[in-house]
Amino acid sequence: MNTSGVTLRLLDKADKEILKLPRTVKGAFFDFQHRFRGNPRSTGLKLQQLKGDSRLWSARVNDEYRALLLRLADDDWLIVSVKHRKDVYNRLSYGVNQVTGGIEYVDLEVVEDSVLRRLPAPPKPVPAAAEPPAPAQPEPARPLFADWSDQQLADLGVAEPLLPVIRTLATEDQLLGLVEYAPQLTGEVLLALFDGASYDHVLDQVTKPVAATEPVDLDDFEAAAQRPATVVTTTDDALREALESGDFGRWKVFLHPTQARLVERRYNGPARVGGGPGTGKTIVALHRVRHLVRQLPPGRDKPVLLTTYNKNLAADLRARLLELGGEELLSRVEVSHVDQVALRIVREAEPGSGKQAIDDSQAVREWRGLLDELGEDDWDPEFLHDEWTQVILGQAVGTRTDYFRARRAGRGRSIGRGERAEIWQLAERFTQRLDRLGRQTWDQVAERAARLEMGREQRILNIARQREEAGGLDNVHLQDGSGGWLRYRYRHIVVDEAQDLRPAHWKMLRAMVARGADDLFLVGDTHQRIYKNQVTLGSLGINIRGRSSKLSLSYRTTRQILRSALGVLGETKYDDLDGSEETLAGYRSVLSGGLPAGHAFPDWAGEQEGVAALIKEWDASADLIIPHEQIAICVPTNQMAAEMAYTLKLHGIESVEIRSDGPHGSTGVHIGTMFRFKGLEYQRMIIAGAADGLVPREAVNRLRDRDPVRHRHEIQRARSLLFVAATRARDSVDVFWHGKPSPFLDGAWKDVEPGAS
């Protein structure tokens, strides 16, 4: 515990430098910051002011390395960099950003060196000829940011000391060299402009969300250190986590100012945060939970529900919430996947029921069995299952007459009254079949739970109305005391991966929390919807109009991977969960890496051998040593996953199967179907079997003429699956196929000859 009264903060930009340091220096740095807190002027620290600078100081970390610190006040210090002693006297620039009011630090020599290293290679000399023609003088490359004045760039938040360097940039590679070392907002602004965004768009979507809310005094560093734009950490524990964590523990320690505002804002009703993969939506959800818990009165109950669509993700959320706030935070939060919540509600109301819950694929098999028994060959079992789940159960249709009136918007195939009568009769037989087998689908569970919770909510509202009419609680006779304990189950509900919940889930959740401020907080991206559940929240009593926000900066995926992944989505339109269109316009990354690679083979056996060879190649590279647990292979089917695992084993490569509840094993390359990788993250991603007829399935292609609307929905879902798979990668994506490649792959992956690797 710090008792000296000294405050020592670490600027977020310093983390990249520290991560690159040798392990022994990292250890020395942790020891340094602990000693500095005890006594900054201890002889061994050699604290001294840099010549010619009133605020910048250096202190000894070990014999070779120095910490550079800004003195904010008498006993308030900010570490801005850790450098080798020979680099301490580089041309260093620091200041308060005129837009955000946050403290920024730049090593101008490092930035300039990075840009210079990326100059285009000079043209190769041409062999001398007898009378060489006069060479044409090449047009000088036009600077990338010639269309914007210095003042415009400064108004967008670009660090002014970097403007001279920015004026020299002529290639994307040079720009990426600058962005690597520039303050974050500078990088975001420049990349957004380079990618074609207008000045007004960048001002509105990139700059304004992080702008200071009060006038900025460029000389007041103490005030600047308190603003969200100065992302710092101050505690010993947080610094230790930062040094020891492989990913620097950023999600626990740091929040982008845009994320922080969404986390801490008070909403007058349900709110939604969208954004592409890697933008930190789940991080926002976790921090939102912690924020809501901090507002609670003392107690031992769990008035906050954190939920998502499957048990694998729920387990991950629980582990991460525990990391974020410990047992104290977890003790006030229920973390359950939404089907588990629904099943508990149903069993609570019907304790004698022992029905087995089955998933969609099992349900379709039961539909197929029913049709075979009846000799029916006019109906497709998948169509019937979707009609039953999306229309009959999804709209809580209770009678045949109600079904005749039910809306079927977006269902595609038009059906008349006669066909509806047949479907209703088949649905009744199907439910009877399930009852006889002692089974129920998760859709049935969700629908039953929704009915129960809506009934509970209505009783709560009736009691409240009786109290009001009677002039207060003391004047109400509560039969059997039932009104004395009946209350909403939760005070706040936070939903992760909201795009994949069923309509009945939303009805249930809506009824579980009183309508009011901060009741429901949803995060999700419909571009990543991998199930068939398309909903309009407004029609289910969840009004998010005016309370929707979007995150657009990816912290995981490189620009190169991002471009290819966006190409997978094509021109397909996606909804925003509330009846309007959602886009990934402005979705960007400040990370840079290699281009995704394509590998074409004549057959599936060749693909498997090619994947094994690539992993062996990575293992043999001294510069690319990666734990196998950070390599993933996703394939279209379970059978292909098993075959891939067998081939790898023949090559001495161990693998771990990804199941519905996560990885089954601790060491080895992770292998699973595309469905299994939602919410996961890897350094290297291999997508195998990306061939036409597999991605999308041939059965989907056959729907093109028979049911165009359903075909469109299935194609959208298949695109989303491939998009999700490609965006799990942090460093690289390699796509393999045999025969004809998937039509979803863009040119960057398709221009490869069969047999290439």
# chains A, B, ... in the order shown; residues from 1 in each chain; ligands from 1
>>> select_by_dssp(residues="segment 160-233 of chain A", states="helix (DSSP H, G or I)", output="PyMOL selection string")
chain A and resi 160-166+172-179+184-194+199-210+221-226
>>> residues_around(residues="segment 294-305 of chain A", least_positions_apart="5", cutoff="7 Å", atoms="only C-alpha atoms", output="list in words")
Ser331, Arg332, Val333, Glu334, Val335, Tyr490, Arg491, His492, Ile493 and Val494 of chain A
>>> residues_around(residues="Glu366 of chain A", least_positions_apart="4", cutoff="9 Å", atoms="only C-alpha atoms", output="ChimeraX atom specification")
/A:361-362,370-371,381,430,433-434
>>> select_by_dssp(residues="segment 689-728 of chain A", states="strand (DSSP E or B)", output="MDAnalysis selection string")
chainID A and resid 691 693:694 697
>>> closest_residue(among="A:Pro270, A:Pro40, A:Gly739, A:Gly177", to="Phe521 of chain A", atoms="only C-alpha atoms")
A:Pro270
>>> residues_around(residues="Ala59 of chain A", least_positions_apart="5", cutoff="7 Å", atoms="only C-alpha atoms", output="number ranges by chain")
A: 45-48, 66-68
>>> residues_around(residues="segment 724-729 of chain A", least_positions_apart="5", cutoff="10 Å", atoms="only C-alpha atoms", output="ChimeraX atom specification")
/A:276-278,527-530,556-558,561-562,564-566,568,596,630-635,673-687,718-719,734-735
